[in-house]
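This is upload.txt (compact mmCIF, C-alpha atoms and all ligand atoms).
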# COMPACT_ATOMS: atom_id res chain seq x y z
CA MET O 1423 109.59 -13.43 42.76
CA ASN O 1424 108.16 -12.12 39.48
CA ALA O 1425 109.17 -13.31 36.05
CA VAL O 1426 110.89 -10.76 33.84
CA ILE O 1427 108.85 -9.87 30.73
CA PRO O 1428 110.47 -11.59 27.72
CA LEU O 1429 111.73 -9.46 24.86
CA ARG O 1430 110.24 -11.51 22.08
CA VAL O 1431 106.81 -12.98 21.64
CA GLU O 1432 106.30 -16.66 20.83
CA ALA O 1433 107.34 -17.54 17.31
CA GLY O 1434 104.64 -18.84 15.02
CA ALA O 1435 101.82 -16.80 16.57
CA THR O 1436 99.28 -15.91 13.89
CA GLY O 1437 96.76 -14.28 16.20
CA CYS O 1438 93.63 -12.76 14.72
CA GLY O 1439 95.27 -10.96 11.78
CA GLN O 1440 93.17 -12.99 9.33
CA ALA O 1441 90.02 -13.16 11.44
CA PRO O 1442 86.79 -11.67 10.04
CA VAL O 1443 85.90 -8.21 11.31
CA LEU O 1444 82.37 -6.97 11.95
CA LYS O 1445 82.11 -3.67 10.04
CA GLU O 1446 79.35 -1.36 11.16
CA ARG O 1447 78.06 2.03 10.11
CA GLY O 1448 75.44 3.96 11.98
CA GLN O 1449 75.14 6.44 14.79
CA ARG O 1450 78.42 6.96 16.63
CA GLU O 1451 79.16 8.19 20.14
CA VAL O 1452 82.56 9.87 20.06
CA PHE O 1453 84.20 13.19 20.85
CA CYS O 1454 85.53 15.34 18.01
CA GLY O 1455 89.16 16.02 17.09
CA LEU O 1456 89.25 19.32 18.99
CA THR O 1457 89.87 17.22 22.10
CA GLY O 1458 93.47 16.64 21.01
CA ILE O 1459 94.21 20.28 21.85
CA VAL O 1460 93.99 19.30 25.52
CA TRP O 1461 97.22 17.28 25.41
CA LEU O 1462 98.89 18.92 22.40
CA HIS O 1463 98.94 22.42 23.93
CA ARG O 1464 100.76 21.00 26.95
CA LYS O 1465 103.23 19.16 24.72
CA ILE O 1466 104.29 21.87 22.25
CA GLN O 1467 105.10 24.61 24.71
CA ASP O 1468 105.36 27.56 22.31
CA ALA O 1469 102.33 26.68 20.18
CA PHE O 1470 98.87 28.22 20.30
CA PHE O 1471 95.68 26.52 19.09
CA LEU O 1472 93.04 28.89 17.75
CA VAL O 1473 89.81 27.01 17.12
CA VAL O 1474 87.67 28.66 14.49
CA GLY O 1475 84.31 27.49 15.67
CA SER O 1476 81.14 28.06 17.66
CA ARG O 1477 80.37 28.57 21.33
CA THR O 1478 79.83 24.80 21.56
CA CYS O 1479 83.43 24.23 20.42
CA ALA O 1480 84.65 26.79 22.99
CA HIS O 1481 82.73 25.04 25.77
CA LEU O 1482 84.06 21.62 24.76
CA ILE O 1483 87.67 22.73 24.88
CA GLN O 1484 87.25 24.79 28.03
CA SER O 1485 85.61 22.00 29.98
CA ALA O 1486 87.88 19.24 28.67
CA ALA O 1487 91.10 21.18 29.32
CA GLY O 1488 90.02 22.66 32.64
CA VAL O 1489 89.92 26.35 33.40
CA MET O 1490 93.35 27.93 33.61
CA ILE O 1491 92.46 31.27 35.13
CA PHE O 1492 95.89 31.53 36.74
CA ALA O 1493 97.87 31.20 33.52
CA GLU O 1494 97.81 32.52 29.98
CA PRO O 1495 96.06 29.72 28.09
CA ARG O 1496 97.52 28.44 24.84
CA PHE O 1497 94.22 27.73 23.17
CA ALA O 1498 91.18 29.84 22.40
CA THR O 1499 88.17 29.92 20.12
CA ALA O 1500 87.48 32.55 17.47
CA ILE O 1501 83.69 32.41 17.53
CA ILE O 1502 81.89 32.25 14.22
CA ASP O 1503 78.69 34.22 14.87
CA GLU O 1504 75.44 34.78 13.02
CA ARG O 1505 76.92 37.53 10.81
CA ASP O 1506 79.61 35.12 9.57
CA LEU O 1507 77.10 32.34 9.06
CA ALA O 1508 74.81 34.67 7.10
CA GLY O 1509 77.72 35.80 4.94
CA LEU O 1510 77.31 39.38 6.21
CA ALA O 1511 80.92 39.66 7.35
CA ASP O 1512 84.15 38.61 5.68
CA ALA O 1513 85.30 35.83 8.00
CA GLN O 1514 88.83 35.90 6.53
CA ASP O 1515 89.22 39.62 7.42
CA GLU O 1516 87.91 38.99 10.91
CA LEU O 1517 90.29 36.08 11.36
CA ASP O 1518 93.24 38.26 10.29
CA ARG O 1519 92.27 40.85 12.91
CA VAL O 1520 91.92 38.22 15.67
CA VAL O 1521 95.32 36.67 14.81
CA ALA O 1522 97.04 40.08 14.66
CA ARG O 1523 95.67 41.00 18.11
CA LEU O 1524 96.65 37.61 19.54
CA LEU O 1525 100.23 37.70 18.21
CA GLU O 1526 100.67 41.30 19.31
CA ARG O 1527 99.77 40.33 22.87
CA ARG O 1528 101.50 36.92 22.99
CA LYS O 1529 105.11 37.30 21.86
CA ASP O 1530 105.92 33.78 23.11
CA ILE O 1531 103.94 32.05 20.33
CA ARG O 1532 106.09 30.41 17.62
CA THR O 1533 103.53 28.13 15.95
CA LEU O 1534 99.90 29.06 15.59
CA PHE O 1535 97.46 26.32 14.60
CA LEU O 1536 94.17 27.44 13.08
CA VAL O 1537 91.92 24.52 13.99
CA GLY O 1538 88.87 23.94 11.82
CA SER O 1539 85.56 22.80 13.33
CA CYS O 1540 82.14 21.67 12.11
CA PRO O 1541 80.90 25.30 11.76
CA SER O 1542 84.02 26.45 9.84
CA GLU O 1543 83.64 23.44 7.52
CA VAL O 1544 79.93 24.01 7.05
CA ILE O 1545 80.48 27.60 5.89
CA LYS O 1546 83.49 26.39 3.87
CA LEU O 1547 85.92 28.80 5.50
CA ASP O 1548 89.23 28.08 3.77
CA LEU O 1549 91.67 27.86 6.69
CA SER O 1550 94.57 26.58 4.57
CA ARG O 1551 94.42 29.80 2.53
CA ALA O 1552 94.23 31.77 5.78
CA ALA O 1553 97.23 29.91 7.22
CA GLN O 1554 99.33 30.58 4.10
CA ARG O 1555 98.41 34.26 4.08
CA LEU O 1556 99.06 34.69 7.80
CA SER O 1557 102.35 32.75 7.65
CA GLY O 1558 103.47 35.12 4.89
CA ARG O 1559 102.69 38.02 7.21
CA HIS O 1560 104.10 36.68 10.49
CA LEU O 1561 107.10 34.52 9.54
CA PRO O 1562 109.90 34.20 10.67
CA GLN O 1563 108.56 34.87 14.19
CA VAL O 1564 105.41 32.74 13.88
CA ARG O 1565 104.46 29.94 11.52
CA VAL O 1566 100.72 29.57 10.98
CA LEU O 1567 99.39 26.09 10.14
CA ASN O 1568 95.91 24.67 9.90
CA TYR O 1569 94.18 21.37 10.45
CA SER O 1570 90.65 20.12 11.02
CA GLY O 1571 89.40 19.05 14.44
CA SER O 1572 85.79 18.83 13.35
CA GLY O 1573 83.46 16.10 14.46
CA ILE O 1574 82.32 15.32 10.94
CA GLU O 1575 83.44 11.72 10.33
CA THR O 1576 86.25 11.74 12.90
CA THR O 1577 87.07 10.29 16.24
CA PHE O 1578 88.83 12.36 18.86
CA THR O 1579 92.40 11.06 18.45
CA GLN O 1580 92.33 12.06 14.77
CA GLY O 1581 92.87 15.62 15.98
CA GLU O 1582 96.43 14.72 16.93
CA ASP O 1583 96.95 12.92 13.64
CA ALA O 1584 95.75 15.93 11.66
CA CYS O 1585 97.90 18.30 13.75
CA LEU O 1586 101.10 16.27 13.32
CA ALA O 1587 100.42 15.71 9.61
CA SER O 1588 100.18 19.50 9.19
CA LEU O 1589 103.62 19.86 10.81
CA VAL O 1590 105.38 17.36 8.52
CA PRO O 1591 105.83 19.62 5.45
CA THR O 1592 107.48 22.23 7.70
CA LEU O 1593 110.07 19.86 9.19
CA PRO O 1594 113.70 20.52 8.26
CA LEU O 1595 115.54 18.14 5.92
CA PRO O 1596 118.58 16.32 7.34
CA ALA O 1597 122.03 17.32 6.10
CA ALA O 1598 123.10 15.38 2.96
CA ALA O 1599 125.72 13.27 4.77
CA ALA O 1600 123.74 12.82 8.00
CA PRO O 1601 123.66 9.24 9.36
CA ALA O 1602 120.39 7.32 9.65
CA SER O 1603 118.19 8.85 12.32
CA LEU O 1604 115.22 7.74 14.41
CA VAL O 1605 112.07 9.75 15.07
CA VAL O 1606 109.45 8.63 17.61
CA VAL O 1607 106.04 9.79 16.39
CA GLY O 1608 103.13 10.60 18.67
CA ALA O 1609 102.67 12.95 21.61
CA LEU O 1610 103.98 11.38 24.80
CA ALA O 1611 103.96 12.82 28.30
CA ASP O 1612 107.34 14.48 28.98
CA VAL O 1613 108.10 12.02 31.78
CA ILE O 1614 107.71 9.10 29.37
CA GLU O 1615 109.72 10.80 26.66
CA ASP O 1616 112.54 11.24 29.21
CA GLN O 1617 112.38 7.56 30.25
CA PHE O 1618 112.46 6.44 26.59
CA MET O 1619 115.34 8.79 25.84
CA ARG O 1620 117.41 7.33 28.71
CA LEU O 1621 116.87 3.83 27.32
CA PHE O 1622 117.73 4.93 23.76
CA VAL O 1623 120.97 6.47 25.03
CA GLU O 1624 121.85 3.24 26.86
CA LEU O 1625 121.13 1.32 23.66
CA GLY O 1626 123.63 3.54 21.83
CA LEU O 1627 121.10 5.81 20.08
CA PRO O 1628 121.70 9.25 21.60
CA GLY O 1629 120.22 11.35 18.75
CA VAL O 1630 116.61 10.13 18.84
CA GLN O 1631 114.07 12.88 18.17
CA PHE O 1632 110.37 13.13 18.91
CA LEU O 1633 107.45 14.40 16.84
CA PRO O 1634 106.01 16.60 18.17
CA ALA O 1635 108.98 18.19 19.93
CA ARG O 1636 108.46 20.34 23.00
CA ARG O 1637 109.44 23.51 21.11
CA SER O 1638 108.85 24.64 17.55
CA ASP O 1639 112.57 25.12 16.84
CA ALA O 1640 113.36 21.54 17.97
CA MET O 1641 111.13 19.63 15.55
CA PRO O 1642 112.95 16.64 14.02
CA ALA O 1643 114.61 16.62 10.60
CA VAL O 1644 113.00 14.04 8.31
CA GLY O 1645 114.26 12.71 4.99
CA ALA O 1646 115.08 9.53 3.10
CA ASN O 1647 117.55 8.38 5.76
CA THR O 1648 115.00 8.67 8.57
CA ARG O 1649 113.42 5.67 10.28
CA TYR O 1650 110.36 6.41 12.35
CA ILE O 1651 108.39 4.41 14.87
CA LEU O 1652 104.84 5.16 15.96
CA ALA O 1653 104.16 5.57 19.67
CA GLN O 1654 100.41 5.88 19.06
CA PRO O 1655 98.21 3.73 16.83
CA PHE O 1656 96.07 6.57 15.45
CA LEU O 1657 98.55 8.39 13.22
CA ALA O 1658 97.75 7.13 9.72
CA ASP O 1659 97.85 10.55 7.98
CA THR O 1660 101.06 11.55 9.76
CA ALA O 1661 102.68 8.27 8.73
CA ARG O 1662 101.64 8.86 5.11
CA ALA O 1663 103.09 12.39 5.19
CA LEU O 1664 106.38 11.14 6.67
CA GLU O 1665 106.63 8.44 4.03
CA SER O 1666 106.02 10.95 1.26
CA ARG O 1667 109.30 12.50 2.49
CA GLY O 1668 111.05 9.15 2.21
CA ALA O 1669 111.01 8.17 5.90
CA ARG O 1670 110.48 4.45 6.60
CA ARG O 1671 108.37 3.03 9.42
CA ILE O 1672 109.73 0.47 11.88
CA ALA O 1673 106.93 -2.06 12.39
CA ALA O 1674 106.32 -3.03 16.01
CA PRO O 1675 103.61 -3.51 18.61
CA PHE O 1676 102.87 -0.29 20.51
CA PRO O 1677 104.70 0.50 23.76
CA LEU O 1678 101.74 -0.23 26.01
CA GLY O 1679 102.38 -2.72 28.78
CA ALA O 1680 105.70 -4.36 29.46
CA GLU O 1681 105.55 -6.84 26.58
CA GLY O 1682 104.57 -4.19 24.00
CA THR O 1683 107.27 -1.81 25.24
CA ALA O 1684 109.93 -4.53 25.17
CA ALA O 1685 108.97 -5.52 21.61
CA TRP O 1686 108.91 -1.83 20.56
CA PHE O 1687 112.49 -1.27 21.77
CA ALA O 1688 113.58 -4.59 20.28
CA ALA O 1689 112.22 -3.53 16.87
CA VAL O 1690 114.13 -0.24 17.02
CA ALA O 1691 117.31 -2.03 18.02
CA ALA O 1692 116.96 -4.55 15.17
CA ALA O 1693 116.44 -1.73 12.66
CA PHE O 1694 119.68 -0.06 13.81
CA GLY O 1695 121.75 -3.26 14.01
CA ILE O 1696 121.94 -3.30 17.82
CA ALA O 1697 122.40 -6.79 19.28
CA ALA O 1698 119.42 -8.40 21.00
CA SER O 1699 121.67 -9.11 24.00
CA THR O 1700 122.21 -5.34 24.43
CA VAL O 1701 118.46 -4.75 24.46
CA GLU O 1702 118.07 -7.62 26.91
CA GLN O 1703 120.61 -6.07 29.25
CA VAL O 1704 119.46 -2.43 28.96
CA THR O 1705 115.78 -3.23 29.53
CA ALA O 1706 116.23 -5.95 32.19
CA ALA O 1707 115.69 -3.70 35.22
CA PRO O 1708 112.62 -1.82 33.91
CA ARG O 1709 111.12 -5.10 32.66
CA ALA O 1710 111.52 -6.59 36.12
CA ARG O 1711 109.90 -3.52 37.73
CA ALA O 1712 107.00 -3.73 35.25
CA ALA O 1713 106.53 -7.45 35.94
CA ALA O 1714 106.40 -6.78 39.70
CA ALA O 1715 103.87 -3.95 39.24
CA LEU O 1716 101.67 -6.08 36.97
CA ALA O 1717 101.76 -9.02 39.36
CA ARG O 1718 100.24 -6.80 42.05
CA VAL O 1719 97.25 -5.83 39.87
CA ARG O 1720 96.74 -9.14 38.08
CA PRO O 1721 94.51 -10.79 40.74
CA ALA O 1722 91.96 -7.99 40.31
CA LEU O 1723 91.77 -8.44 36.53
CA ALA O 1724 92.54 -12.07 35.64
CA GLY O 1725 89.50 -13.84 34.21
CA LYS O 1726 87.42 -10.65 34.05
CA ARG O 1727 85.51 -10.06 30.78
CA ILE O 1728 86.05 -6.75 28.99
CA PHE O 1729 84.09 -5.09 26.16
CA PHE O 1730 85.54 -2.20 24.14
CA PHE O 1731 83.31 0.33 22.39
CA PRO O 1732 85.17 2.08 19.53
CA ASP O 1733 86.55 5.41 20.72
CA SER O 1734 90.27 6.20 21.11
CA GLN O 1735 91.80 3.85 18.49
CA LEU O 1736 93.94 2.48 21.35
CA GLU O 1737 91.55 -0.46 21.72
CA VAL O 1738 93.58 -3.14 19.91
CA PRO O 1739 96.90 -2.57 21.75
CA LEU O 1740 95.04 -2.25 25.07
CA ALA O 1741 93.17 -5.48 24.43
CA ARG O 1742 96.46 -7.24 23.66
CA PHE O 1743 97.98 -5.93 26.90
CA LEU O 1744 95.00 -6.83 29.08
CA GLN O 1745 94.58 -10.29 27.58
CA ARG O 1746 98.22 -11.37 27.46
CA GLU O 1747 99.71 -9.70 30.54
CA LEU O 1748 96.72 -9.63 32.88
CA GLY O 1749 94.65 -12.62 31.81
CA MET O 1750 91.48 -10.71 30.91
CA GLN O 1751 88.94 -12.19 28.48
CA LEU O 1752 88.06 -10.12 25.41
CA VAL O 1753 84.32 -10.08 24.75
CA GLU O 1754 84.44 -7.55 21.88
CA VAL O 1755 87.20 -5.23 20.71
CA GLY O 1756 85.59 -2.34 18.87
CA THR O 1757 87.72 0.27 17.15
CA PRO O 1758 86.69 3.26 15.02
CA TYR O 1759 89.19 2.35 12.29
CA LEU O 1760 91.24 -0.80 11.89
CA HIS O 1761 94.54 0.16 10.26
CA ARG O 1762 95.67 -3.34 9.36
CA GLU O 1763 99.22 -2.37 8.40
CA HIS O 1764 99.98 -0.36 11.54
CA LEU O 1765 98.24 -2.92 13.75
CA ALA O 1766 99.61 -6.08 12.10
CA GLU O 1767 102.00 -6.89 14.97
CA GLU O 1768 99.21 -6.26 17.50
CA LEU O 1769 96.64 -8.40 15.71
CA ALA O 1770 99.14 -11.25 15.53
CA LEU O 1771 99.23 -11.28 19.34
CA LEU O 1772 95.47 -11.41 19.93
CA PRO O 1773 93.69 -14.77 20.30
CA ALA O 1774 92.53 -16.12 16.92
CA ASP O 1775 88.86 -16.00 17.96
CA THR O 1776 88.85 -12.35 19.14
CA MET O 1777 85.59 -10.59 18.20
CA LEU O 1778 86.80 -7.48 16.36
CA SER O 1779 84.44 -4.74 15.19
CA GLU O 1780 85.24 -1.63 13.17
CA GLY O 1781 83.08 1.49 13.01
CA GLN O 1782 79.92 1.81 15.04
CA HIS O 1783 76.20 1.27 15.06
CA VAL O 1784 75.74 2.24 18.66
CA GLU O 1785 72.30 0.69 19.21
CA LYS O 1786 73.34 -2.71 17.86
CA GLN O 1787 76.56 -2.60 19.85
CA LEU O 1788 74.70 -1.72 23.04
CA ASP O 1789 72.45 -4.72 22.44
CA ARG O 1790 75.50 -6.99 22.11
CA CYS O 1791 77.06 -5.50 25.23
CA ARG O 1792 73.89 -5.96 27.31
CA ALA O 1793 73.52 -9.54 26.08
CA GLN O 1794 77.09 -10.35 27.07
CA GLN O 1795 77.06 -8.59 30.48
CA PRO O 1796 80.86 -8.04 30.59
CA ASP O 1797 82.61 -7.26 33.89
CA ILE O 1798 83.91 -3.94 32.52
CA VAL O 1799 83.11 -1.76 29.50
CA VAL O 1800 85.53 0.74 27.95
CA CYS O 1801 83.56 3.50 26.27
CA GLY O 1802 83.09 7.23 25.76
CA LEU O 1803 81.65 9.54 28.39
CA GLY O 1804 78.27 9.65 26.67
CA LEU O 1805 77.74 5.92 27.12
CA ALA O 1806 79.42 5.48 30.49
CA ASN O 1807 76.79 7.03 32.74
CA PRO O 1808 73.79 5.23 31.20
CA LEU O 1809 75.67 1.92 31.36
CA GLU O 1810 76.67 2.54 34.98
CA ALA O 1811 72.99 3.24 35.73
CA GLU O 1812 72.21 -0.18 34.25
CA GLY O 1813 74.65 -1.74 36.71
CA MET O 1814 77.67 -2.11 34.44
CA THR O 1815 81.21 -1.09 35.36
CA THR O 1816 82.80 1.32 32.90
CA LYS O 1817 86.12 2.92 32.09
CA TRP O 1818 86.22 6.21 30.17
CA ALA O 1819 88.27 5.70 27.03
CA ILE O 1820 89.37 9.35 27.00
CA GLU O 1821 91.13 8.92 30.35
CA LEU O 1822 93.49 6.46 28.65
CA VAL O 1823 94.65 9.20 26.31
CA PHE O 1824 94.93 11.90 28.98
CA SER O 1825 96.99 9.68 31.32
CA PRO O 1826 100.67 8.75 30.90
CA ILE O 1827 100.32 5.04 30.07
CA HIS O 1828 103.24 4.19 27.77
CA GLY O 1829 106.41 2.38 28.73
CA PHE O 1830 107.70 -0.03 31.35
CA GLU O 1831 107.33 2.27 34.34
CA GLN O 1832 103.68 3.00 33.57
CA ALA O 1833 102.58 -0.62 32.91
CA GLY O 1834 101.33 -1.05 36.48
CA ASP O 1835 99.48 2.29 36.41
CA LEU O 1836 97.84 1.31 33.11
CA ALA O 1837 96.61 -1.96 34.60
CA GLU O 1838 95.42 -0.08 37.69
CA LEU O 1839 93.22 2.17 35.50
CA PHE O 1840 91.14 -0.94 34.73
CA ALA O 1841 91.30 -2.47 38.20
CA ARG O 1842 90.05 0.64 40.00
CA PRO O 1843 86.51 0.74 38.54
CA LEU O 1844 86.12 -2.98 39.33
CA ARG O 1845 87.15 -2.41 42.94
CA ARG O 1846 84.81 0.58 43.21
CA ARG O 1847 81.90 -1.48 41.88
CA ALA O 1848 82.72 -4.30 44.31
CA LEU O 1849 82.64 -1.84 47.22
CA LEU O 1850 79.33 -0.39 46.06
CA THR O 1851 77.69 -3.79 45.73
CA THR O 1852 79.09 -5.38 48.90
CA PRO O 1853 76.40 -5.31 51.61
CA MET O 1854 77.52 -3.31 54.65
CA ALA O 1855 77.96 -5.26 57.88
CA ALA O 1856 75.15 -4.62 60.34
S1 LIG O 1901 83.97 20.79 16.22
FE1 LIG O 1901 81.88 20.07 15.85
S2 LIG O 1901 81.65 18.31 17.22
FE2 LIG O 1901 83.43 19.47 17.94
S3 LIG O 1901 82.62 20.85 19.52
FE3 LIG O 1901 82.66 22.01 17.56
S4 LIG O 1901 80.58 21.69 16.73
FE4 LIG O 1901 80.86 20.11 18.31

Turn this file's structure into structure tokens for me.
Amino acid sequence: MNAVIPLRVEAGATGCGQAPVLKERGQREVFCGLTGIVWLHRKIQDAFFLVVGSRTCAHLIQSAAGVMIFAEPRFATAIIDERDLAGLADAQDELDRVVARLLERRKDIRTLFLVGSCPSEVIKLDLSRAAQRLSGRHLPQVRVLNYSGSGIETTFTQGEDACLASLVPTLPLPAAAAPASLVVVGALADVIEDQFMRLFVELGLPGVQFLPARRSDAMPAVGANTRYILAQPFLADTARALESRGARRIAAPFPLGAEGTAAWFAAVAAAFGIAASTVEQVTAAPRARAAAALARVRPALAGKRIFFFPDSQLEVPLARFLQRELGMQLVEVGTPYLHREHLAEELALLPADTMLSEGQHVEKQLDRCRAQQPDIVVCGLGLANPLEAEGMTTKWAIELVFSPIHGFEQAGDLAELFARPLRRRALLTTPMAA
């Protein structure tokens, strides 16, 4: 029989919150923020993402999102060509014409995001001015917003942060006498949102809202009486924008793995004065299912050494989950940015001697990785193939963002994402019987 995951972590844990962090700057190997369109266009079902970029940007989005020849896509690229780059054409006029044609053809669009790219930033195309002008023309049917998905000084999950931050000023204000409300912030797969909503209802919180919502007219109201909780660790700008409206963050570990999810719900319950015994009771069955699922995968992962290259910004919560719930050893936990405030509860749960690194100097980090010879490496696609060719086992960091991994019911699947490459490597290296 499997133990049920406890609701609270051991008191007195200090973890590695005060531990020194290796800060590096140098060449980085990451995708750009345009990648976020892949999951955001599925989430906000009446939004359209118009990248203002080059053919390279178009190829990136097309190949990352898959070709949807059977359906009307909800993303596209307005190509900046040589005439725009040479200043021979008025890019703002051309953009107006493209948007007018698009909205004429696609009456289902309610929010149009103009997404900036490296080329649009290099030619200093002012997309915020364009968004204001086009909103003036197309409201109330369509609101036009803008954000940057460029690869200049970003990592790919910052695309979602920039997108959600652009939505915040447009959110409605709650009614003056409205009771305190809760908003869950961060794009979650619909199936997970539904699971979380069922648990919130059982806890006695039926009015929880999500940012982003599935439809533009269902975005949450946010004001001084709003509490919000992050579902993703890469939403620093969005959090700042919400707080500038008076909303207050509920501090918690992230809902990855059974322990993180239990602590996340417990933090919400505490903020709304719900008894710990109620949380205990409501989450008992899913915690037991998660414990059973994790017990099945644990033998494949316990004792294995894992090395994280900085990529998705999910590295710290994932490291906590893999170390505490599956017994993995953390060789290095690299993250593009270490947001100490948002990650405080996570850092407190990591072993005090965890090797944390922030930023990247890819050559130096590759040297450290090769010297350590970990059992599995979590990294971007650009590093995975060369490392596999050197005999290492890798996990693509981007797959962890594309897959539904949050919550109790997904804890086993999340663990399995790390166990599978190890099993595959074992099969490849096991000599065949004669
Ligand atoms: S935004 Fe920049 S990094 Fe991203 S695909 Fe376009 S050119 Fe490349």

Atom-to-atom span, CA of Gln1440 in chain O and CA of Ala1774 in chain O, Å:
8.2 Å

Could you tell me, counting only C-alpha atoms and all ligand atoms, which protein and nucleic acid residues lie no more than 9 Å from ligand LIG 1901 (chain O), written as a list in words?
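Using only C-alpha atoms and all ligand atoms, I find these residues within 9 Å of ligand LIG 1901 (chain O): Val1452, Phe1453, Cys1454, Gly1455, Leu1456, Thr1457, Val1473, Val1474, Gly1475, Ser1476, Arg1477, Thr1478, Cys1479, Ala1480, His1481, Leu1482, Ile1483, Gly1538, Ser1539, Cys1540, Pro1541, Ser1542, Ser1570, Gly1571, Ser1572, Gly1573, Ile1574 and Phe1578 of chain O.
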
Tell me, in Å to one decimal, how far CA of His1828 in chain O is from CA of Gln1617 in chain O.
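These two atoms are separated by 10.1 Å.
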
Quick one: pull the distance between CA of His1783 in chain O and CA of Lys1445 in chain O, Å, one decimal.
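One can read the CA of His1783 in chain O to CA of Lys1445 in chain O distance as 9.2 Å.
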
Residue among O:His1560, O:Arg1555, O:Lys1529, O:Arg1846 lying closest to Thr1815 in chain O, counting only C-alpha atoms
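Counting only C-alpha atoms, the residue closest to Thr1815 in chain O is O:Arg1846.
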
Output as JSON lines one row per residue of range 1715-1770 of chain O within 7 Å of range 1663-1676 of chain O: the closest atom pair and its distance in Å to one decimal place, counting only C-alpha atoms, sorted by chain and residue number ascending.
{"residue": "O:Pro1739", "atom": "CA", "partner": "O:Phe1676", "partner_atom": "CA", "distance": 6.5}
{"residue": "O:Glu1767", "atom": "CA", "partner": "O:Pro1675", "partner_atom": "CA", "distance": 5.2}
{"residue": "O:Glu1768", "atom": "CA", "partner": "O:Pro1675", "partner_atom": "CA", "distance": 5.3}

Residues near Ala1684 in chain O, anyone? I mean within 12 Å using all atoms listed in the file, not counting same-chain ones fewer than 4 positions away, as number ranges by chain.
O: 1426-1431, 1618, 1621, 1674-1680, 1688-1691, 1698, 1701-1710, 1712-1713, 1828-1831, 1833

Considering all atoms listed in the file, state which residue in the set O:Arg1527, O:Arg1450, O:Lys1726, O:Arg1559 is at the smallest distance from Gln1795 in chain O.
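That would be O:Lys1726, the residue with the smallest distance to Gln1795 in chain O.
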
Within 10 Å of Ala1552 in chain O, counting only C-alpha atoms, which residues show up once you throw out same-chain ones fewer than 5 positions away? Write them as a PyMOL selection string, please.
chain O and resi 1514-1515+1517-1518+1536+1547+1557-1558+1566-1568

Neighbour list for Phe1731 in chain O as a PyMOL selection string, cut-off 12 Å, all atoms listed in the file, skip fewer than 4 positions in-chain
chain O and resi 1450-1452+1735-1738+1741+1752-1759+1777-1791+1796+1798-1806+1809+1816-1820

Kindly save the residues from that selection, with C-alpha atoms included, as a short mmCIF file (atom, residue, chain, number, x, y, z; two decimals), keeping the file's coordinate frame.
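Result went into part35.cif, see below:
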data_model
loop_
_atom_site.label_atom_id
_atom_site.label_comp_id
_atom_site.auth_asym_id
_atom_site.auth_seq_id
_atom_site.Cartn_x
_atom_site.Cartn_y
_atom_site.Cartn_z
CA ARG O 1450 78.42 6.96 16.63
CA GLU O 1451 79.16 8.19 20.14
CA VAL O 1452 82.56 9.87 20.06
CA GLN O 1735 91.80 3.85 18.49
CA LEU O 1736 93.94 2.48 21.35
CA GLU O 1737 91.55 -0.46 21.72
CA VAL O 1738 93.58 -3.14 19.91
CA ALA O 1741 93.17 -5.48 24.43
CA LEU O 1752 88.06 -10.12 25.41
CA VAL O 1753 84.32 -10.08 24.75
CA GLU O 1754 84.44 -7.55 21.88
CA VAL O 1755 87.20 -5.23 20.71
CA GLY O 1756 85.59 -2.34 18.87
CA THR O 1757 87.72 0.27 17.15
CA PRO O 1758 86.69 3.26 15.02
CA TYR O 1759 89.19 2.35 12.29
CA MET O 1777 85.59 -10.59 18.20
CA LEU O 1778 86.80 -7.48 16.36
CA SER O 1779 84.44 -4.74 15.19
CA GLU O 1780 85.24 -1.63 13.17
CA GLY O 1781 83.08 1.49 13.01
CA GLN O 1782 79.92 1.81 15.04
CA HIS O 1783 76.20 1.27 15.06
CA VAL O 1784 75.74 2.24 18.66
CA GLU O 1785 72.30 0.69 19.21
CA LYS O 1786 73.34 -2.71 17.86
CA GLN O 1787 76.56 -2.60 19.85
CA LEU O 1788 74.70 -1.72 23.04
CA ASP O 1789 72.45 -4.72 22.44
CA ARG O 1790 75.50 -6.99 22.11
CA CYS O 1791 77.06 -5.50 25.23
CA PRO O 1796 80.86 -8.04 30.59
CA ILE O 1798 83.91 -3.94 32.52
CA VAL O 1799 83.11 -1.76 29.50
CA VAL O 1800 85.53 0.74 27.95
CA CYS O 1801 83.56 3.50 26.27
CA GLY O 1802 83.09 7.23 25.76
CA LEU O 1803 81.65 9.54 28.39
CA GLY O 1804 78.27 9.65 26.67
CA LEU O 1805 77.74 5.92 27.12
CA ALA O 1806 79.42 5.48 30.49
CA LEU O 1809 75.67 1.92 31.36
CA THR O 1816 82.80 1.32 32.90
CA LYS O 1817 86.12 2.92 32.09
CA TRP O 1818 86.22 6.21 30.17
CA ALA O 1819 88.27 5.70 27.03
CA ILE O 1820 89.37 9.35 27.00
#

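In this comparison, which uses only C-alpha atoms, the residue of O:His1761, O:Arg1528, O:Arg1565, O:Arg1636 approaching Ser1588 in chain O most closely is O:Arg1565.
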
Nearest to Thr1660 in chain O, chosen from O:Leu1589, O:Ile1614, O:Ala1766, O:Val1623, with all atoms listed in the file counted in the distances:
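Comparing O:Leu1589, O:Ile1614, O:Ala1766, O:Val1623 against Thr1660 in chain O, the winner is O:Leu1589.
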
Nearest candidate to Thr1579 in chain O (options O:Leu1748, O:Ile1728, O:Val1606, O:Leu1657; using only C-alpha atoms)
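Of O:Leu1748, O:Ile1728, O:Val1606, O:Leu1657, the one nearest Thr1579 in chain O is O:Leu1657, counting only C-alpha atoms.
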
Show me, as lines of an AutoDock Vina configuration file, the centre and edge lengths in Å to one decimal of the axis-aligned box that covers every listed atom of range 1666-1684 of chain O with 6 Å on each side.
center_x = 106.4
center_y = 2.8
center_z = 15.4
size_x = 21.3
size_y = 31.3
size_z = 40.2
